[in-house]
>>> print(open('query-v1.cif').read())   # mmCIF, C-alpha atoms
data_query
loop_
_atom_site.group_PDB
_atom_site.id
_atom_site.type_symbol
_atom_site.label_atom_id
_atom_site.label_comp_id
_atom_site.auth_asym_id
_atom_site.auth_seq_id
_atom_site.Cartn_x
_atom_site.Cartn_y
_atom_site.Cartn_z
ATOM 1 C CA MET A 21 86.041 82.388 86.875
ATOM 2 C CA LYS A 22 87.935 85.634 86.456
ATOM 3 C CA ALA A 23 90.452 86.649 89.103
ATOM 4 C CA VAL A 24 93.466 88.871 89.659
ATOM 5 C CA VAL A 25 96.238 86.311 89.343
ATOM 6 C CA MET A 26 99.879 86.501 90.380
ATOM 7 C CA LYS A 27 102.567 84.247 88.886
ATOM 8 C CA GLU A 28 105.500 85.898 90.648
ATOM 9 C CA TYR A 29 106.306 88.541 93.250
ATOM 10 C CA GLY A 30 106.856 92.095 92.087
ATOM 11 C CA GLY A 31 105.268 95.463 91.440
ATOM 12 C CA PRO A 32 101.691 96.196 90.387
ATOM 13 C CA GLU A 33 102.470 94.846 86.928
ATOM 14 C CA VAL A 34 102.395 91.237 88.246
ATOM 15 C CA LEU A 35 98.646 91.532 88.888
ATOM 16 C CA GLU A 36 96.955 89.954 85.869
ATOM 17 C CA TYR A 37 93.187 89.791 85.352
ATOM 18 C CA SER A 38 92.662 86.363 83.819
ATOM 19 C CA ASP A 39 90.904 83.012 84.066
ATOM 20 C CA PHE A 40 91.472 80.963 87.207
ATOM 21 C CA PRO A 41 89.985 77.642 88.404
ATOM 22 C CA ASP A 42 86.686 77.915 90.255
ATOM 23 C CA PRO A 43 87.089 77.164 93.987
ATOM 24 C CA SER A 44 84.907 74.542 95.662
ATOM 25 C CA PRO A 45 83.838 74.612 99.330
ATOM 26 C CA GLY A 46 84.921 71.827 101.609
ATOM 27 C CA PRO A 47 83.524 70.783 105.002
ATOM 28 C CA GLY A 48 82.516 73.808 107.067
ATOM 29 C CA GLU A 49 83.018 76.172 104.139
ATOM 30 C CA VAL A 50 80.808 78.180 101.802
ATOM 31 C CA LEU A 51 81.329 79.502 98.308
ATOM 32 C CA VAL A 52 80.847 83.272 98.127
ATOM 33 C CA LYS A 53 80.072 85.204 94.959
ATOM 34 C CA VAL A 54 82.254 88.226 95.553
ATOM 35 C CA ALA A 55 80.577 91.629 95.445
ATOM 36 C CA ALA A 56 83.748 93.487 96.411
ATOM 37 C CA ALA A 57 87.165 93.124 97.951
ATOM 38 C CA SER A 58 89.178 95.962 99.429
ATOM 39 C CA ILE A 59 92.846 96.791 99.089
ATOM 40 C CA ASN A 60 94.878 96.822 102.303
ATOM 41 C CA PRO A 61 98.547 97.729 102.866
ATOM 42 C CA VAL A 62 99.274 94.048 103.543
ATOM 43 C CA ASP A 63 98.166 93.265 99.978
ATOM 44 C CA LEU A 64 100.972 95.414 98.624
ATOM 45 C CA LYS A 65 103.472 93.730 100.930
ATOM 46 C CA GLN A 66 102.248 90.281 99.931
ATOM 47 C CA ARG A 67 102.404 91.158 96.232
ATOM 48 C CA ALA A 68 105.989 92.410 96.616
ATOM 49 C CA GLY A 69 107.097 89.296 98.501
ATOM 50 C CA ASP A 70 107.662 91.062 101.818
ATOM 51 C CA THR A 71 105.521 88.476 103.639
ATOM 52 C CA LYS A 72 106.789 85.339 101.914
ATOM 53 C CA ALA A 73 108.879 84.222 104.902
ATOM 54 C CA TYR A 74 105.730 83.570 106.951
ATOM 55 C CA PHE A 75 102.902 83.718 104.381
ATOM 56 C CA PRO A 76 104.253 82.424 101.054
ATOM 57 C CA LEU A 77 102.101 82.365 97.936
ATOM 58 C CA GLN A 78 101.700 79.221 95.842
ATOM 59 C CA PHE A 79 101.915 80.466 92.266
ATOM 60 C CA PRO A 80 99.732 80.979 90.395
ATOM 61 C CA ASP A 81 97.851 82.543 93.288
ATOM 62 C CA VAL A 82 95.260 85.142 94.194
ATOM 63 C CA ILE A 83 95.697 87.676 97.000
ATOM 64 C CA GLY A 84 93.160 89.735 98.953
ATOM 65 C CA TRP A 85 92.082 89.713 102.623
ATOM 66 C CA ASP A 86 88.662 91.425 102.652
ATOM 67 C CA VAL A 87 85.460 90.220 101.032
ATOM 68 C CA SER A 88 81.769 90.963 100.908
ATOM 69 C CA GLY A 89 79.327 88.979 98.810
ATOM 70 C CA THR A 90 76.563 86.411 98.662
ATOM 71 C CA VAL A 91 76.625 82.733 99.592
ATOM 72 C CA VAL A 92 75.984 80.636 96.480
ATOM 73 C CA LYS A 93 76.956 77.130 97.628
ATOM 74 C CA LEU A 94 77.341 75.273 100.921
ATOM 75 C CA GLY A 95 79.998 72.710 101.655
ATOM 76 C CA PRO A 96 79.299 69.675 103.846
ATOM 77 C CA ASP A 97 78.489 70.192 107.533
ATOM 78 C CA VAL A 98 77.632 73.881 107.238
ATOM 79 C CA ALA A 99 75.266 75.293 109.857
ATOM 80 C CA GLY A 100 74.026 78.833 110.362
ATOM 81 C CA PHE A 101 74.367 79.980 106.756
ATOM 82 C CA SER A 102 72.150 79.564 103.716
ATOM 83 C CA VAL A 103 72.409 80.186 99.989
ATOM 84 C CA GLY A 104 71.526 83.831 99.407
ATOM 85 C CA ASP A 105 72.960 85.164 102.679
ATOM 86 C CA ARG A 106 74.811 88.470 102.400
ATOM 87 C CA VAL A 107 78.143 87.932 104.139
ATOM 88 C CA PHE A 108 81.529 89.501 104.805
ATOM 89 C CA ALA A 109 84.819 88.322 106.266
ATOM 90 C CA TRP A 110 88.530 88.765 106.684
ATOM 91 C CA ALA A 111 89.281 85.868 104.376
ATOM 92 C CA PHE A 112 91.910 85.062 101.728
ATOM 93 C CA HIS A 113 92.183 84.902 97.928
ATOM 94 C CA THR A 114 89.441 87.505 97.578
ATOM 95 C CA TYR A 115 90.533 89.321 94.373
ATOM 96 C CA ALA A 116 88.246 87.031 92.388
ATOM 97 C CA GLU A 117 84.673 86.488 91.256
ATOM 98 C CA PHE A 118 84.292 83.670 93.784
ATOM 99 C CA CYS A 119 86.096 82.654 96.957
ATOM 100 C CA VAL A 120 85.744 79.969 99.620
ATOM 101 C CA VAL A 121 85.360 81.062 103.238
ATOM 102 C CA LYS A 122 85.305 79.005 106.440
ATOM 103 C CA THR A 123 82.070 79.619 108.299
ATOM 104 C CA GLY A 124 83.948 80.140 111.570
ATOM 105 C CA ILE A 125 85.303 83.464 110.289
ATOM 106 C CA LEU A 126 82.203 84.533 108.361
ATOM 107 C CA ALA A 127 79.464 86.963 109.421
ATOM 108 C CA LYS A 128 76.161 88.097 107.969
ATOM 109 C CA ILE A 129 76.038 91.711 106.821
ATOM 110 C CA PRO A 130 73.491 93.800 108.754
ATOM 111 C CA ASP A 131 70.538 94.743 106.554
ATOM 112 C CA GLU A 132 71.328 98.454 106.836
ATOM 113 C CA LEU A 133 74.823 98.124 105.330
ATOM 114 C CA ASP A 134 75.572 98.329 101.611
ATOM 115 C CA LEU A 135 76.767 95.002 100.206
ATOM 116 C CA ILE A 136 79.720 96.469 98.317
ATOM 117 C CA GLU A 137 80.811 98.998 100.940
ATOM 118 C CA ALA A 138 80.801 96.276 103.611
ATOM 119 C CA ALA A 139 84.034 95.014 101.999
ATOM 120 C CA ALA A 140 85.847 98.008 103.502
ATOM 121 C CA LEU A 141 85.316 96.762 107.047
ATOM 122 C CA PRO A 142 86.746 93.340 107.942
ATOM 123 C CA LEU A 143 90.517 93.652 108.292
ATOM 124 C CA VAL A 144 90.655 97.259 109.501
ATOM 125 C CA THR A 145 87.806 96.936 111.992
ATOM 126 C CA MET A 146 89.137 93.768 113.581
ATOM 127 C CA THR A 147 92.639 95.228 113.779
ATOM 128 C CA GLY A 148 91.636 98.614 115.183
ATOM 129 C CA SER A 149 89.116 97.274 117.678
ATOM 130 C CA GLN A 150 91.373 94.506 118.981
ATOM 131 C CA LEU A 151 94.245 96.979 119.315
ATOM 132 C CA ILE A 152 92.123 98.573 122.042
ATOM 133 C CA SER A 153 90.223 95.625 123.503
ATOM 134 C CA LYS A 154 93.024 93.039 123.421
ATOM 135 C CA ALA A 155 96.319 94.931 123.462
ATOM 136 C CA SER A 156 95.959 98.342 125.055
ATOM 137 C CA GLY A 157 94.511 97.416 128.434
ATOM 138 C CA VAL A 158 92.877 100.846 128.620
ATOM 139 C CA LYS A 159 90.258 101.244 131.344
ATOM 140 C CA GLN A 160 87.314 103.564 131.712
ATOM 141 C CA GLY A 161 88.459 107.077 132.583
ATOM 142 C CA GLN A 162 92.067 106.507 131.480
ATOM 143 C CA THR A 163 93.624 108.650 128.757
ATOM 144 C CA ILE A 164 94.648 107.076 125.467
ATOM 145 C CA LEU A 165 96.350 108.666 122.486
ATOM 146 C CA VAL A 166 95.597 107.097 119.115
ATOM 147 C CA SER A 167 98.219 107.995 116.516
ATOM 148 C CA GLY A 168 97.414 108.317 112.816
ATOM 149 C CA ALA A 169 93.834 108.822 113.983
ATOM 150 C CA LEU A 170 92.340 109.562 110.562
ATOM 151 C CA GLY A 171 93.522 106.266 109.105
ATOM 152 C CA SER A 172 91.020 103.431 108.822
ATOM 153 C CA VAL A 173 92.514 101.215 111.548
ATOM 154 C CA ALA A 174 92.959 104.168 113.892
ATOM 155 C CA ARG A 175 89.392 105.421 113.348
ATOM 156 C CA VAL A 176 88.204 102.051 114.598
ATOM 157 C CA ALA A 177 90.570 102.258 117.571
ATOM 158 C CA VAL A 178 89.176 105.702 118.419
ATOM 159 C CA CYS A 179 85.604 104.410 118.243
ATOM 160 C CA THR A 180 86.349 101.388 120.431
ATOM 161 C CA ALA A 181 88.257 103.451 123.008
ATOM 162 C CA LYS A 182 85.321 105.881 123.224
ATOM 163 C CA ASP A 183 82.930 102.964 123.668
ATOM 164 C CA GLN A 184 85.074 101.766 126.578
ATOM 165 C CA GLY A 185 84.806 105.127 128.315
ATOM 166 C CA ALA A 186 88.380 106.284 127.777
ATOM 167 C CA VAL A 187 89.487 109.895 127.392
ATOM 168 C CA VAL A 188 90.653 109.904 123.774
ATOM 169 C CA ILE A 189 93.325 112.086 122.193
ATOM 170 C CA ALA A 190 93.606 111.883 118.409
ATOM 171 C CA GLY A 191 97.104 112.252 116.995
ATOM 172 C CA VAL A 192 97.147 113.525 113.392
ATOM 173 C CA ARG A 193 99.301 115.574 111.047
ATOM 174 C CA ARG A 194 98.929 119.350 111.145
ATOM 175 C CA ASP A 195 97.430 119.401 107.630
ATOM 176 C CA GLN A 196 94.743 116.978 108.858
ATOM 177 C CA LEU A 197 93.521 119.133 111.745
ATOM 178 C CA PRO A 198 90.463 120.481 109.871
ATOM 179 C CA ASP A 199 89.284 116.912 109.204
ATOM 180 C CA ALA A 200 89.854 115.672 112.753
ATOM 181 C CA ASP A 201 86.702 117.301 114.142
ATOM 182 C CA GLU A 202 84.635 114.444 112.737
ATOM 183 C CA LEU A 203 86.304 112.044 115.181
ATOM 184 C CA ASP A 204 84.527 113.736 118.112
ATOM 185 C CA VAL A 205 87.314 113.085 120.607
ATOM 186 C CA ASN A 206 88.389 114.870 123.792
ATOM 187 C CA LYS A 207 91.472 116.434 122.219
ATOM 188 C CA VAL A 208 93.319 116.580 118.910
ATOM 189 C CA VAL A 209 97.076 117.069 118.647
ATOM 190 C CA ALA A 210 99.320 117.609 115.611
ATOM 191 C CA LEU A 211 102.075 115.064 116.147
ATOM 192 C CA ASP A 212 104.281 116.665 113.497
ATOM 193 C CA ASP A 213 104.159 120.056 115.234
ATOM 194 C CA GLY A 214 107.017 120.355 117.727
ATOM 195 C CA SER A 215 105.285 122.720 120.128
ATOM 196 C CA ASP A 216 102.041 120.738 120.006
ATOM 197 C CA PHE A 217 103.932 117.536 120.732
ATOM 198 C CA GLU A 218 105.929 119.002 123.601
ATOM 199 C CA ALA A 219 102.761 120.367 125.223
ATOM 200 C CA LEU A 220 101.132 116.949 125.175
ATOM 201 C CA PRO A 221 101.034 115.451 128.696
ATOM 202 C CA GLN A 222 101.879 111.828 129.326
ATOM 203 C CA VAL A 223 99.017 109.377 128.831
ATOM 204 C CA ASP A 224 98.080 105.979 130.189
ATOM 205 C CA VAL A 225 98.115 104.317 126.770
ATOM 206 C CA VAL A 226 99.353 105.003 123.257
ATOM 207 C CA ALA A 227 97.558 103.022 120.556
ATOM 208 C CA ASN A 228 99.982 103.379 117.680
ATOM 209 C CA THR A 229 99.255 102.921 113.971
ATOM 210 C CA VAL A 230 102.245 104.815 112.527
ATOM 211 C CA GLY A 231 105.919 104.038 112.162
ATOM 212 C CA GLY A 232 109.265 105.835 111.977
ATOM 213 C CA THR A 233 110.371 108.608 114.274
ATOM 214 C CA THR A 234 106.822 109.493 115.322
ATOM 215 C CA ALA A 235 106.343 106.065 116.870
ATOM 216 C CA GLU A 236 109.701 106.354 118.652
ATOM 217 C CA GLN A 237 108.865 109.802 120.012
ATOM 218 C CA LEU A 238 105.495 108.658 121.311
ATOM 219 C CA LEU A 239 107.178 106.249 123.705
ATOM 220 C CA SER A 240 108.147 109.281 125.787
ATOM 221 C CA LYS A 241 104.484 110.219 126.161
ATOM 222 C CA VAL A 242 103.522 107.036 128.043
ATOM 223 C CA LYS A 243 103.337 107.180 131.831
ATOM 224 C CA ASP A 244 105.433 104.827 133.924
ATOM 225 C CA GLY A 245 103.553 101.536 133.986
ATOM 226 C CA GLY A 246 101.543 102.528 130.920
ATOM 227 C CA THR A 247 101.205 100.714 127.619
ATOM 228 C CA PHE A 248 102.465 101.380 124.099
ATOM 229 C CA ALA A 249 100.425 99.057 121.863
ATOM 230 C CA SER A 250 101.347 99.144 118.197
ATOM 231 C CA VAL A 251 100.201 97.546 114.946
ATOM 232 C CA THR A 252 103.452 98.598 113.238
ATOM 233 C CA GLY A 253 105.786 96.785 115.608
ATOM 234 C CA VAL A 254 107.699 98.059 118.615
ATOM 235 C CA PRO A 255 110.520 100.555 117.930
ATOM 236 C CA ASP A 256 114.002 99.506 119.041
ATOM 237 C CA LYS A 257 113.999 102.606 121.218
ATOM 238 C CA ALA A 258 111.439 100.916 123.462
ATOM 239 C CA LYS A 259 114.344 99.254 125.250
ATOM 240 C CA THR A 260 115.213 102.633 126.753
ATOM 241 C CA TYR A 261 111.745 102.855 128.363
ATOM 242 C CA PRO A 262 111.722 99.823 130.688
ATOM 243 C CA SER A 263 108.736 101.188 132.643
ATOM 244 C CA VAL A 264 106.556 101.153 129.514
ATOM 245 C CA HIS A 265 104.771 97.951 128.528
ATOM 246 C CA ALA A 266 105.413 97.774 124.771
ATOM 247 C CA VAL A 267 103.197 95.441 122.736
ATOM 248 C CA ALA A 268 103.605 94.538 119.054
ATOM 249 C CA PHE A 269 100.032 93.613 118.281
ATOM 250 C CA VAL A 270 98.804 91.261 115.548
ATOM 251 C CA SER A 271 95.037 90.967 115.092
ATOM 252 C CA LYS A 272 93.038 87.773 114.591
ATOM 253 C CA GLN A 273 89.930 86.865 112.633
ATOM 254 C CA ASP A 274 86.868 87.296 114.818
ATOM 255 C CA PRO A 275 83.384 87.635 113.318
ATOM 256 C CA GLN A 276 81.948 88.934 116.612
ATOM 257 C CA THR A 277 84.304 91.904 116.535
ATOM 258 C CA LEU A 278 83.372 92.469 112.908
ATOM 259 C CA LEU A 279 79.671 92.535 113.767
ATOM 260 C CA TYR A 280 80.294 94.893 116.688
ATOM 261 C CA MET A 281 82.069 97.362 114.430
ATOM 262 C CA ALA A 282 79.503 96.932 111.654
ATOM 263 C CA GLY A 283 76.950 97.991 114.246
ATOM 264 C CA ALA A 284 79.022 101.087 114.970
ATOM 265 C CA VAL A 285 78.949 101.945 111.248
ATOM 266 C CA ARG A 286 75.207 101.339 111.108
ATOM 267 C CA ASP A 287 74.609 103.539 114.155
ATOM 268 C CA GLY A 288 76.817 106.366 112.860
ATOM 269 C CA ARG A 289 79.509 106.023 115.550
ATOM 270 C CA LEU A 290 82.111 104.992 112.971
ATOM 271 C CA LYS A 291 82.812 106.019 109.410
ATOM 272 C CA ILE A 292 85.388 104.330 107.200
ATOM 273 C CA PRO A 293 85.913 106.658 104.217
ATOM 274 C CA ILE A 294 85.912 105.022 100.795
ATOM 275 C CA ALA A 295 88.218 106.788 98.351
ATOM 276 C CA LYS A 296 87.137 104.997 95.199
ATOM 277 C CA LYS A 297 85.529 101.903 93.724
ATOM 278 C CA LEU A 298 87.308 100.218 90.833
ATOM 279 C CA PRO A 299 86.370 97.204 88.707
ATOM 280 C CA LEU A 300 88.182 94.069 89.818
ATOM 281 C CA LYS A 301 90.101 94.054 86.548
ATOM 282 C CA ASP A 302 91.698 97.370 87.584
ATOM 283 C CA ALA A 303 93.373 95.974 90.714
ATOM 284 C CA ARG A 304 96.746 96.976 89.290
ATOM 285 C CA GLN A 305 95.642 100.613 89.211
ATOM 286 C CA GLY A 306 94.292 100.289 92.723
ATOM 287 C CA HIS A 307 97.702 99.196 93.990
ATOM 288 C CA ILE A 308 99.327 102.127 92.223
ATOM 289 C CA ASP A 309 96.823 104.489 93.817
ATOM 290 C CA MET A 310 97.598 103.026 97.251
ATOM 291 C CA THR A 311 101.288 103.809 96.862
ATOM 292 C CA ARG A 312 100.339 107.411 96.097
ATOM 293 C CA GLY A 313 98.698 107.781 99.481
ATOM 294 C CA VAL A 314 95.013 107.841 98.586
ATOM 295 C CA ALA A 315 93.001 108.828 101.673
ATOM 296 C CA GLY A 316 90.367 106.180 102.293
ATOM 297 C CA LYS A 317 89.695 102.611 101.270
ATOM 298 C CA ILE A 318 89.880 101.420 97.658
ATOM 299 C CA LEU A 319 87.291 98.797 96.778
ATOM 300 C CA LEU A 320 87.541 96.304 93.921
ATOM 301 C CA VAL A 321 84.058 95.557 92.619
ATOM 302 C CA ALA A 322 83.686 92.101 91.098
#
>>> encode(input="query-v1.cif", output="structure tokens")
Amino acid sequence: MKAVVMKEYGGPEVLEYSDFPDPSPGPGEVLVKVAAASINPVDLKQRAGDTKAYFPLQFPDVIGWDVSGTVVKLGPDVAGFSVGDRVFAWAFHTYAEFCVVKTGILAKIPDELDLIEAAALPLVTMTGSQLISKASGVKQGQTILVSGALGSVARVAVCTAKDQGAVVIAGVRRDQLPDADELDVNKVVALDDGSDFEALPQVDVVANTVGGTTAEQLLSKVKDGGTFASVTGVPDKAKTYPSVHAVAFVSKQDPQTLLYMAGAVRDGRLKIPIAKKLPLKDARQGHIDMTRGVAGKILLVA
């Protein structure tokens, strides 16, 4: 098969479109003919070697965490899936024409969703939804601020918090204010505007998807006994806020969460913008585009 192969860590230039051995499904696994993969920030970190201490690659190797496609072969002891099923997952080694996926992390794509565009959903929807449902502790009627609210993970967090009956404040940049109306939240605040930030009252929960000084400053906006749940780690400054429950959240594969969020997309409650679709062979260009701050998901079409 063809795949985007890495033989060493480095910049986008280490991504080579070339031949790679066909994978074969083992017990409880299926072989998926990839329709599309999507590029996530973690892909860039993995390519550069930033994750090798806890997630090393075995060169030559193939990266990629999102996949949508069609089941073409079943391994032994597979139940619940058949050849021809349209499926998606937060999987691994997905920058390829074929990949193997364990059925325990796999879900069937709802009929109403596009096969290729479904690849935009797995990692971001599980991360954003679990940030609210698992880490934030937000309850109905409480106020939650979601930072970086127009990003893919944060859009999912906003949707989930609304579903749970929270009062939702979307934190964005000032230049994003015109686009924030589509989030349909209770309030929008420009976090990079000093007066806007100062006028923001304290909230029960901050669901944080940004880093740097903005994340540090948001700690001051959490009520005593409230929660600062973050997918970018907990700032060192959190030590100076002992009354705030600070959580560095790491999401987990969960097909039920994926299906829940796919339903939100189907029903129009959630939109994950797609910036562009590139052929799989152009993964290198996709990584370059990501570093330039493209707004929306980049899909690699196999």
>>> axis_aligned_box(input="query-v1.cif", around="segment 138-157 of chain A", padding_each_side="5 Å", output="JSON")
{"center_x": 88.6, "center_y": 95.8, "center_z": 115.2, "size_x": 25.5, "size_y": 15.6, "size_z": 36.4}
>>> resolve_selection(input="query-v1.cif", expression="the PyMOL selection byres ((chain A and resi 222) around 12)", output="list in words")
Gln162, Thr163, Ile164, Leu165, Ile189, Phe217, Glu218, Ala219, Leu220, Pro221, Val223, Asp224, Val225, Val226, Gln237, Leu238, Leu239, Ser240, Lys241, Val242, Lys243, Asp244, Gly245, Gly246, Thr247, Phe248 and Val264 of chain A
>>> write_last_selection(input="query-v1.cif", atoms="C-alpha atoms", output="JSON list (two decimals), in the frame of the given file")
[["chain", "number", "residue", "atom", "x", "y", "z"],
["A", 162, "GLN", "CA", 92.07, 106.51, 131.48],
["A", 163, "THR", "CA", 93.62, 108.65, 128.76],
["A", 164, "ILE", "CA", 94.65, 107.08, 125.47],
["A", 165, "LEU", "CA", 96.35, 108.67, 122.49],
["A", 189, "ILE", "CA", 93.32, 112.09, 122.19],
["A", 217, "PHE", "CA", 103.93, 117.54, 120.73],
["A", 218, "GLU", "CA", 105.93, 119.00, 123.60],
["A", 219, "ALA", "CA", 102.76, 120.37, 125.22],
["A", 220, "LEU", "CA", 101.13, 116.95, 125.18],
["A", 221, "PRO", "CA", 101.03, 115.45, 128.70],
["A", 223, "VAL", "CA", 99.02, 109.38, 128.83],
["A", 224, "ASP", "CA", 98.08, 105.98, 130.19],
["A", 225, "VAL", "CA", 98.12, 104.32, 126.77],
["A", 226, "VAL", "CA", 99.35, 105.00, 123.26],
["A", 237, "GLN", "CA", 108.86, 109.80, 120.01],
["A", 238, "LEU", "CA", 105.50, 108.66, 121.31],
["A", 239, "LEU", "CA", 107.18, 106.25, 123.70],
["A", 240, "SER", "CA", 108.15, 109.28, 125.79],
["A", 241, "LYS", "CA", 104.48, 110.22, 126.16],
["A", 242, "VAL", "CA", 103.52, 107.04, 128.04],
["A", 243, "LYS", "CA", 103.34, 107.18, 131.83],
["A", 244, "ASP", "CA", 105.43, 104.83, 133.92],
["A", 245, "GLY", "CA", 103.55, 101.54, 133.99],
["A", 246, "GLY", "CA", 101.54, 102.53, 130.92],
["A", 247, "THR", "CA", 101.20, 100.71, 127.62],
["A", 248, "PHE", "CA", 102.46, 101.38, 124.10],
["A", 264, "VAL", "CA", 106.56, 101.15, 129.51]]
>>> residues_around(input="query-v1.cif", residues="Leu278 of chain A", least_positions_apart="5", cutoff="12 Å", atoms="only C-alpha atoms", output="PyMOL selection string")
chain A and resi 86+107-110+125-130+138-150+176+271-273+283-285
>>> residues_around(input="query-v1.cif", residues="Val87 of chain A", least_positions_apart="2", cutoff="12 Å", atoms="all atoms listed in the file", output="number ranges by chain")
A: 51-60, 83-85, 89-91, 106-121, 125-129, 135-143, 319-322
>>> atom_distance(input="query-v1.cif", atom1="atom CA of Asp97 of chain A", atom2="atom CA of Pro43 of chain A")
17.5 Å
>>> resolve_selection(input="query-v1.cif", expression="the PyMOL selection byres ((chain A and resi 231) around 10)", output="PyMOL selection string")
chain A and resi 167-168+228-230+232-236+250-255
>>> atom_distance(input="query-v1.cif", atom1="atom CA of Gly95 of chain A", atom2="atom CA of Pro275 of chain A")
19.2 Å
>>> closest_residue(input="query-v1.cif", among="A:Gly46, A:Pro61, A:Pro293, A:Gly288", to="Asp309 of chain A", atoms="all atoms listed in the file")
A:Pro61
>>> atom_distance(input="query-v1.cif", atom1="atom CA of Ser156 of chain A", atom2="atom CA of Asp204 of chain A")
20.4 Å
>>> closest_residue(input="query-v1.cif", among="A:Asp131, A:Asp39, A:Glu49, A:Glu202", to="Asp81 of chain A", atoms="all atoms listed in the file")
A:Asp39
>>> closest_residue(input="query-v1.cif", among="A:Asp63, A:Asp199, A:Asp256, A:Asp302", to="Val24 of chain A", atoms="all atoms listed in the file")
A:Asp302
>>> closest_residue(input="query-v1.cif", among="A:Lys317, A:Asp274, A:Leu151, A:Asp105", to="Lys297 of chain A", atoms="all atoms listed in the file")
A:Lys317
>>> closest_residue(input="query-v1.cif", among="A:Pro198, A:Gly31, A:Pro41, A:Gly104", to="Pro80 of chain A", atoms="all atoms listed in the file")
A:Pro41
>>> closest_residue(input="query-v1.cif", among="A:Gln184, A:Val50, A:Ser44, A:Val82", to="Tyr29 of chain A", atoms="only C-alpha atoms")
A:Val82
>>> residues_around(input="query-v1.cif", residues="Ala210 of chain A", least_positions_apart="2", cutoff="9 Å", atoms="only C-alpha atoms", output="list in words")
Ala190, Gly191, Val192, Arg193, Arg194, Asp195, Gln196, Leu197, Val208, Asp212, Asp213, Gly214, Asp216 and Phe217 of chain A
>>> build_atoms(input="query-v1.cif", residues="segment 105-118 of chain A", atoms="N, CA and C atoms", output="PDB file, in the frame of the given file")
ATOM      1  N   ASP A 105      72.549  84.287 101.583  1.00  0.00           N
ATOM      2  CA  ASP A 105      72.960  85.164 102.679  1.00  0.00           C
ATOM      3  C   ASP A 105      73.977  86.194 102.196  1.00  0.00           C
ATOM      4  N   ARG A 106      73.813  87.425 102.628  1.00  0.00           N
ATOM      5  CA  ARG A 106      74.811  88.470 102.400  1.00  0.00           C
ATOM      6  C   ARG A 106      75.847  88.370 103.522  1.00  0.00           C
ATOM      7  N   VAL A 107      77.111  88.224 103.144  1.00  0.00           N
ATOM      8  CA  VAL A 107      78.143  87.932 104.139  1.00  0.00           C
ATOM      9  C   VAL A 107      79.392  88.769 103.890  1.00  0.00           C
ATOM     10  N   PHE A 108      80.219  88.870 104.944  1.00  0.00           N
ATOM     11  CA  PHE A 108      81.529  89.501 104.805  1.00  0.00           C
ATOM     12  C   PHE A 108      82.507  88.842 105.755  1.00  0.00           C
ATOM     13  N   ALA A 109      83.806  89.001 105.467  1.00  0.00           N
ATOM     14  CA  ALA A 109      84.819  88.322 106.266  1.00  0.00           C
ATOM     15  C   ALA A 109      86.199  88.876 105.963  1.00  0.00           C
ATOM     16  N   TRP A 110      87.091  88.693 106.941  1.00  0.00           N
ATOM     17  CA  TRP A 110      88.530  88.765 106.684  1.00  0.00           C
ATOM     18  C   TRP A 110      88.887  87.350 106.246  1.00  0.00           C
ATOM     19  N   ALA A 111      89.033  87.185 104.951  1.00  0.00           N
ATOM     20  CA  ALA A 111      89.281  85.868 104.376  1.00  0.00           C
ATOM     21  C   ALA A 111      90.591  85.916 103.578  1.00  0.00           C
ATOM     22  N   PHE A 112      90.713  85.076 102.564  1.00  0.00           N
ATOM     23  CA  PHE A 112      91.910  85.062 101.728  1.00  0.00           C
ATOM     24  C   PHE A 112      91.516  84.765 100.277  1.00  0.00           C
ATOM     25  N   HIS A 113      92.396  85.150  99.364  1.00  0.00           N
ATOM     26  CA  HIS A 113      92.183  84.902  97.928  1.00  0.00           C
ATOM     27  C   HIS A 113      90.903  85.587  97.437  1.00  0.00           C
ATOM     28  N   THR A 114      90.726  86.840  97.815  1.00  0.00           N
ATOM     29  CA  THR A 114      89.441  87.505  97.578  1.00  0.00           C
ATOM     30  C   THR A 114      89.409  88.378  96.324  1.00  0.00           C
ATOM     31  N   TYR A 115      90.530  88.561  95.623  1.00  0.00           N
ATOM     32  CA  TYR A 115      90.533  89.321  94.373  1.00  0.00           C
ATOM     33  C   TYR A 115      90.023  88.409  93.254  1.00  0.00           C
ATOM     34  N   ALA A 116      88.780  88.013  93.330  1.00  0.00           N
ATOM     35  CA  ALA A 116      88.246  87.031  92.388  1.00  0.00           C
ATOM     36  C   ALA A 116      86.731  87.134  92.345  1.00  0.00           C
ATOM     37  N   GLU A 117      86.139  86.499  91.348  1.00  0.00           N
ATOM     38  CA  GLU A 117      84.673  86.488  91.256  1.00  0.00           C
ATOM     39  C   GLU A 117      84.035  85.586  92.305  1.00  0.00           C
ATOM     40  N   PHE A 118      84.779  84.577  92.751  1.00  0.00           N
ATOM     41  CA  PHE A 118      84.292  83.670  93.784  1.00  0.00           C
ATOM     42  C   PHE A 118      85.425  83.367  94.750  1.00  0.00           C
TER      43      PHE A 118
END
